[in-house]
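Colleague: Here you go, this is upload_14.cif (mmCIF, C-alpha atoms and all ligand atoms).
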data_data
loop_
_atom_site.label_atom_id
_atom_site.label_comp_id
_atom_site.auth_asym_id
_atom_site.auth_seq_id
_atom_site.Cartn_x
_atom_site.Cartn_y
_atom_site.Cartn_z
CA MET A 1 101.92 101.70 127.09
CA LYS A 2 105.57 100.70 127.19
CA LEU A 3 105.71 101.04 123.42
CA LEU A 4 104.18 104.51 123.65
CA ILE A 5 106.70 105.54 126.29
CA ALA A 6 109.55 104.24 124.15
CA LEU A 7 108.15 106.02 121.11
CA GLN A 8 107.88 109.30 123.02
CA ASP A 9 111.42 108.83 124.28
CA PHE A 10 112.75 108.33 120.74
CA ASP A 11 110.73 111.26 119.43
CA SER A 12 111.95 113.56 122.20
CA ARG A 13 115.56 112.59 121.49
CA ILE A 14 115.00 113.04 117.75
CA GLY A 15 113.51 116.49 118.43
CA HIS A 16 116.48 117.35 120.61
CA ILE A 17 118.92 116.31 117.87
CA LEU A 18 117.02 118.35 115.27
CA VAL A 19 117.38 121.41 117.50
CA GLN A 20 121.09 120.69 117.97
CA LYS A 21 121.51 120.35 114.22
CA GLU A 22 120.24 123.92 113.81
CA GLU A 23 122.50 125.36 116.49
CA GLY A 24 125.85 124.66 114.82
CA PRO A 25 125.13 126.46 111.54
CA LYS A 26 123.56 129.36 113.45
CA LYS A 27 126.72 129.73 115.54
CA ILE A 28 128.82 129.66 112.35
CA GLN A 29 126.61 132.33 110.84
CA ARG A 30 127.01 134.56 113.87
CA LEU A 31 130.79 134.20 113.78
CA GLU A 32 130.87 134.88 110.05
CA GLN A 33 128.77 138.01 110.57
CA ARG A 34 131.16 139.32 113.22
CA LEU A 35 134.16 138.50 111.05
CA LYS A 36 132.64 140.45 108.17
CA GLU A 37 132.02 143.41 110.46
CA VAL A 38 135.64 143.51 111.59
CA GLU A 39 136.85 143.16 108.00
CA ALA A 40 134.57 146.00 106.90
CA ARG A 41 135.93 148.19 109.67
CA LEU A 42 139.46 147.33 108.57
CA THR A 43 138.69 148.36 104.99
CA GLU A 44 137.16 151.61 106.19
CA GLU A 45 140.18 152.40 108.36
CA ALA A 46 142.56 151.63 105.49
CA GLY A 47 140.59 154.10 103.35
CA GLN A 48 140.90 156.74 106.06
CA VAL A 49 144.67 156.15 106.26
CA GLU A 50 145.01 156.66 102.51
CA ALA A 51 142.97 159.87 102.60
CA LEU A 52 145.07 161.22 105.46
CA ILE A 53 148.33 160.37 103.67
CA ARG A 54 147.09 162.29 100.60
CA GLU A 55 146.13 165.24 102.77
CA ARG A 56 149.53 165.16 104.49
CA ARG A 57 151.33 165.20 101.13
CA ASP A 58 149.13 168.09 100.02
CA THR A 59 149.85 170.05 103.19
CA GLU A 60 153.61 169.43 102.94
CA LYS A 61 153.52 170.75 99.36
CA LYS A 62 151.72 173.89 100.55
CA ILE A 63 154.31 174.40 103.29
CA GLU A 64 157.09 174.15 100.69
CA ASP A 65 155.27 176.69 98.50
CA SER A 66 154.90 179.16 101.35
CA GLU A 67 158.60 178.78 102.16
CA ILE A 68 159.48 179.69 98.58
CA LYS A 69 157.17 182.69 98.73
CA LEU A 70 158.67 183.77 102.04
CA ASN A 71 162.20 183.63 100.60
CA LYS A 72 161.11 185.70 97.63
CA SER A 73 159.46 188.28 99.88
CA ASN A 74 162.56 188.48 102.05
CA LEU A 75 164.70 189.05 98.98
CA LYS A 76 162.32 191.74 97.75
CA LEU A 77 162.53 193.45 101.14
CA SER A 78 166.24 194.25 100.66
CA THR A 79 165.56 195.99 97.34
CA ILE A 80 162.74 198.24 98.50
CA LYS A 81 163.42 201.92 98.79
CA SER A 82 160.16 203.57 99.85
CA ASN A 83 158.82 203.37 103.37
CA LYS A 84 155.29 202.59 102.23
CA GLU A 85 156.39 199.68 100.07
CA TYR A 86 158.60 198.47 102.89
CA HIS A 87 155.65 198.26 105.30
CA ALA A 88 153.51 196.53 102.70
CA ALA A 89 156.25 193.95 102.17
CA LEU A 90 156.60 193.39 105.91
CA LYS A 91 152.86 192.84 106.16
CA GLU A 92 153.03 190.34 103.33
CA ILE A 93 155.84 188.43 105.08
CA ASP A 94 153.87 188.42 108.30
CA ASP A 95 150.79 187.01 106.54
CA LEU A 96 152.88 184.34 104.83
CA LYS A 97 154.42 183.30 108.15
CA LYS A 98 150.97 183.04 109.73
CA ALA A 99 149.69 180.91 106.86
CA LYS A 100 152.75 178.67 107.05
CA TYR A 101 152.32 178.27 110.80
CA LEU A 102 148.71 177.18 110.33
CA LEU A 103 149.75 174.66 107.68
CA GLU A 104 152.43 173.24 110.00
CA GLU A 105 149.87 172.90 112.78
CA LYS A 106 147.60 171.08 110.36
CA ALA A 107 150.43 168.74 109.35
CA ILE A 108 151.07 167.88 113.01
CA GLY A 109 147.35 167.19 113.50
CA ILE A 110 147.36 164.84 110.51
CA MET A 111 150.40 162.98 111.85
CA GLU A 112 148.68 162.48 115.19
CA GLN A 113 145.54 161.22 113.50
CA LEU A 114 147.60 158.83 111.39
CA GLU A 115 149.36 157.45 114.44
CA ALA A 116 146.06 156.75 116.22
CA LEU A 117 144.59 155.22 113.09
CA ASP A 118 147.63 153.00 112.58
CA ALA A 119 147.24 151.63 116.10
CA SER A 120 143.55 151.04 115.55
CA CYS A 121 144.26 149.32 112.20
CA ALA A 122 146.80 147.02 113.82
CA ALA A 123 144.27 146.08 116.52
CA SER A 124 141.55 145.42 113.92
CA ARG A 125 143.91 143.30 111.83
CA GLU A 126 144.81 141.23 114.87
CA GLN A 127 141.16 140.88 115.81
CA ALA A 128 140.22 139.84 112.28
CA ALA A 129 142.99 137.22 112.20
CA GLU A 130 141.91 135.84 115.56
CA MET A 131 138.27 135.69 114.48
CA LYS A 132 139.20 133.97 111.25
CA ARG A 133 141.06 131.30 113.25
CA GLN A 134 138.07 130.92 115.57
CA PHE A 135 135.69 130.76 112.64
CA ASP A 136 137.70 128.06 110.84
CA ALA A 137 138.02 125.96 113.99
CA GLU A 138 134.34 126.31 114.83
CA LYS A 139 133.30 125.47 111.31
CA GLU A 140 135.29 122.26 111.40
CA ALA A 141 133.85 121.34 114.81
CA VAL A 142 130.31 121.99 113.59
CA MET A 143 130.86 119.86 110.50
CA ARG A 144 132.09 116.99 112.66
CA SER A 145 129.19 117.35 115.09
CA LEU A 146 126.69 117.48 112.19
CA ASP A 147 128.07 114.18 110.94
CA ARG A 148 127.70 112.66 114.38
CA LEU A 149 124.17 114.05 114.85
CA GLU A 150 123.14 112.79 111.44
CA HIS A 151 124.34 109.34 112.39
CA GLU A 152 122.54 109.45 115.76
CA LEU A 153 119.39 110.67 114.06
CA HIS A 154 119.47 107.81 111.61
CA THR A 155 119.90 105.26 114.41
CA LEU A 156 117.02 106.78 116.41
CA GLU A 157 114.73 106.88 113.37
CA GLU A 158 115.39 103.19 112.78
CA LYS A 159 114.67 102.31 116.40
CA LYS A 160 111.53 104.43 116.35
CA LEU A 161 110.29 102.66 113.24
CA GLY A 162 110.82 99.34 115.00
CA VAL A 163 108.65 100.46 117.92
CA ALA A 164 106.02 102.07 115.70
CA ARG A 165 105.63 98.82 113.73
CA ASP A 166 104.63 96.96 116.89
CA LEU A 167 102.15 99.61 118.00
CA ASP A 168 98.43 99.49 117.26
CA LYS A 169 97.78 101.60 114.10
CA GLU A 170 94.95 103.61 115.58
CA LEU A 171 96.94 104.39 118.70
CA LEU A 172 99.91 105.42 116.58
CA THR A 173 97.75 107.86 114.61
CA HIS A 174 96.35 109.29 117.84
CA TYR A 175 99.86 109.59 119.25
CA ASP A 176 101.20 111.37 116.16
CA ALA A 177 98.30 113.83 116.05
CA LEU A 178 98.61 114.54 119.76
CA ARG A 179 102.35 115.05 119.48
CA LYS A 180 101.94 117.53 116.64
CA ARG A 181 99.32 119.46 118.56
CA LYS A 182 101.14 119.36 121.89
CA GLY A 183 104.58 120.73 121.09
CA GLY A 184 106.22 117.36 120.52
CA ILE A 185 105.08 115.70 123.74
CA ALA A 186 102.14 113.29 123.57
CA VAL A 187 102.99 111.03 126.49
CA SER A 188 103.60 112.36 129.98
CA PRO A 189 104.57 110.61 133.21
CA VAL A 190 102.59 111.32 136.38
CA VAL A 191 104.90 111.43 139.38
CA GLN A 192 103.45 111.59 142.91
CA GLY A 193 100.09 112.42 141.41
CA VAL A 194 101.32 115.33 139.24
CA CYS A 195 101.41 115.41 135.42
CA GLN A 196 105.08 116.11 134.65
CA THR A 197 104.30 118.13 131.54
CA CYS A 198 101.54 120.54 132.61
CA TYR A 199 102.08 120.09 136.39
CA LEU A 200 98.42 119.54 137.15
CA ARG A 201 97.58 117.33 140.11
CA ILE A 202 95.53 114.39 138.83
CA PRO A 203 92.35 113.88 140.93
CA PRO A 204 92.83 110.99 143.43
CA GLN A 205 90.26 108.69 141.91
CA GLU A 206 91.76 108.99 138.43
CA PHE A 207 95.24 108.63 139.86
CA ASN A 208 94.17 105.36 141.47
CA GLU A 209 92.87 104.19 138.10
CA LEU A 210 96.16 105.17 136.55
CA ILE A 211 98.08 103.10 139.09
CA ARG A 212 95.85 100.11 138.34
CA GLY A 213 96.84 100.65 134.74
CA ASP A 214 94.09 98.65 133.01
CA LYS A 215 93.21 101.37 130.48
CA LEU A 216 94.75 104.19 128.49
CA MET A 217 94.28 107.49 130.31
CA THR A 218 94.77 111.14 129.49
CA CYS A 219 95.65 114.16 131.61
CA PRO A 220 92.40 116.08 132.39
CA ASN A 221 94.24 119.36 131.83
CA CYS A 222 96.66 118.94 128.91
CA THR A 223 94.96 115.85 127.38
CA ARG A 224 98.28 114.05 126.90
CA ILE A 225 98.41 110.30 127.36
CA ILE A 226 99.59 109.71 130.91
CA TYR A 227 101.26 106.85 132.75
CA TRP A 228 102.26 106.23 136.31
CA GLY A 229 105.87 107.53 136.39
CA ASP A 230 106.59 106.27 139.92
CA ASP A 231 106.22 102.73 138.65
CA GLN A 232 109.54 100.91 139.05
CA GLU A 233 109.11 99.01 135.82
CA TYR A 234 108.65 102.18 133.71
CA GLN A 235 111.54 103.87 135.43
CA ARG A 236 113.79 100.92 134.66
CA GLN A 237 112.71 100.94 131.05
CA GLN A 238 113.35 104.68 130.73
CA GLY A 239 116.79 104.20 132.27
CA ASP A 240 117.58 101.63 129.54
CA GLY A 241 116.44 104.03 126.87
CA GLU A 242 118.88 106.76 127.88
CA PRO A 243 121.98 107.20 125.74
CA ALA A 244 125.19 105.97 127.32
ZN ZN B 301 99.02 117.27 131.83
#
Can you present the structure in this file as structure tokens?

Modeller:
Amino acid sequence: MKLLIALQDFDSRIGHILVQKEEGPKKIQRLEQRLKEVEARLTEEAGQVEALIRERRDTEKKIEDSEIKLNKSNLKLSTIKSNKEYHAALKEIDDLKKAKYLLEEKAIGIMEQLEALDASCAASREQAAEMKRQFDAEKEAVMRSLDRLEHELHTLEEKKLGVARDLDKELLTHYDALRKRKGGIAVSPVVQGVCQTCYLRIPPQEFNELIRGDKLMTCPNCTRIIYWGDDQEYQRQQGDGEPA
């Protein structure tokens, strides 16, 4: 029974390390995903800035053109003799002024948009730089922890093999099958009459048998191999098995 408890302890710790080994790379992946998102946003914003700058240049050119036209129309005005032509020219000047005003309004709008976009770009750049730093640091930490976990795993596997060698072959097969079927836990302590894995109260007569400890017993509910967890000797042994 002690061997089985030790085996379960090693297997649980191995399982725990395997889970930990998955966590690091997952965290890295999440960070990388977020970094990519920020970088994509930055690229998109930079594209928007370029488009706005082109539009601003275009608008400024149109304003220049309408100024030239206005000057021409003003010059023409001084040469006109007939009243009818004079009114037509005035109307033309008025229309040109209106069009120029609209273009100037548009230019102001573009400038405002550019200012806002510049601020947003600066924030995104800063965020991307910060995330890159975080990502690099995390990646290094994960690499180090993977090394450590790999080492721990190797040590535990060795110790487990040592225990498994001393265990009865048939019992070992039963243990392995049970562990596979039962989510990694084949051996469960019973503390104050309760199975510590499925939390069923063991009937008193069976609990008494368990305390006597002269045969291998299983939990009537979850069918795991059970042992008397209140037993001082088992508790001491478990305490020794814990990592420092
Ligand atoms: Zn149980």

Colleague: Hey, which residues sit close to ligand ZN 301 (chain B)? Say within 6 Å, counting only C-alpha atoms and all ligand atoms, and write them as a list in words.

Modeller: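 The neighbouring residues of ligand ZN 301 (chain B) are, in order, Cys195, Thr197, Cys198, Leu200, Cys219, Asn221, Cys222 and Arg224 of chain A.
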
Colleague: With distances taken over all atoms listed in the file, which residue among A:Arg212, A:Arg181, A:Arg165, A:Lys139 lies nearest A:Lys26?

Modeller: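 Closest candidate: A:Lys139.
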
Colleague: What does the structure give for the distance between atom CA of A:Lys72 and atom CA of A:Lys84, in Å to one decimal?

Modeller: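 Here the two named atoms are 18.4 Å from each other.
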
Colleague: Using atom CA of A:Glu55 and atom CA of A:Asp118 as the two end points, give the distance in Å to one decimal.

Modeller: 15.8 Å

Colleague: Can I get the residues of stretch 92-172 of chain A within 9 Å of stretch 4-12 of chain A, each with the closest pair of atoms and their distance in Å to one decimal, using only C-alpha atoms, sorted chain first then ascending number, as JSON lines?

Modeller:
{"residue": "A:Leu156", "atom": "CA", "partner": "A:Phe10", "partner_atom": "CA", "distance": 6.3}
{"residue": "A:Glu157", "atom": "CA", "partner": "A:Phe10", "partner_atom": "CA", "distance": 7.8}
{"residue": "A:Lys159", "atom": "CA", "partner": "A:Phe10", "partner_atom": "CA", "distance": 7.7}
{"residue": "A:Lys160", "atom": "CA", "partner": "A:Phe10", "partner_atom": "CA", "distance": 6.0}
{"residue": "A:Leu161", "atom": "CA", "partner": "A:Leu7", "partner_atom": "CA", "distance": 8.8}
{"residue": "A:Val163", "atom": "CA", "partner": "A:Leu7", "partner_atom": "CA", "distance": 6.4}
{"residue": "A:Ala164", "atom": "CA", "partner": "A:Leu7", "partner_atom": "CA", "distance": 7.0}
{"residue": "A:Leu167", "atom": "CA", "partner": "A:Leu4", "partner_atom": "CA", "distance": 7.7}
{"residue": "A:Leu171", "atom": "CA", "partner": "A:Leu4", "partner_atom": "CA", "distance": 8.8}
{"residue": "A:Leu172", "atom": "CA", "partner": "A:Leu4", "partner_atom": "CA", "distance": 8.3}

Colleague: Go ahead and dump the residues you just picked, C-alpha atoms, as a PDB file, in the frame of the given file.

Modeller:
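Ended up saving to result28.pdb:
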ATOM      1  CA  LEU A 156     117.020 106.780 116.410  1.00  0.00           C
ATOM      2  CA  GLU A 157     114.730 106.880 113.370  1.00  0.00           C
ATOM      3  CA  LYS A 159     114.670 102.310 116.400  1.00  0.00           C
ATOM      4  CA  LYS A 160     111.530 104.430 116.350  1.00  0.00           C
ATOM      5  CA  LEU A 161     110.290 102.660 113.240  1.00  0.00           C
ATOM      6  CA  VAL A 163     108.650 100.460 117.920  1.00  0.00           C
ATOM      7  CA  ALA A 164     106.020 102.070 115.700  1.00  0.00           C
ATOM      8  CA  LEU A 167     102.150  99.610 118.000  1.00  0.00           C
ATOM      9  CA  LEU A 171      96.940 104.390 118.700  1.00  0.00           C
ATOM     10  CA  LEU A 172      99.910 105.420 116.580  1.00  0.00           C
TER      11      LEU A 172
END

Colleague: When distances are computed from only C-alpha atoms, which of A:Gln113, A:Ile28, A:Pro189, A:Cys121 shows the smallest separation from A:Arg201?

Modeller: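 Using only C-alpha atoms, A:Arg201 sits closest to A:Pro189.
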
Colleague: Report, in Å to a single decimal, how far apart atom CA of A:Tyr199 and atom CA of A:Ile225 are.

Modeller: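 It comes out at 13.8 Å.
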
Colleague: Write out as a PyMOL selection string each polymer residue whose atoms come within 12 Å of A:Ser145, counting all atoms listed in the file; drop sequence neighbours fewer than 3 positions from it.

Modeller: chain A and resi 17+20-25+138-142+148-153
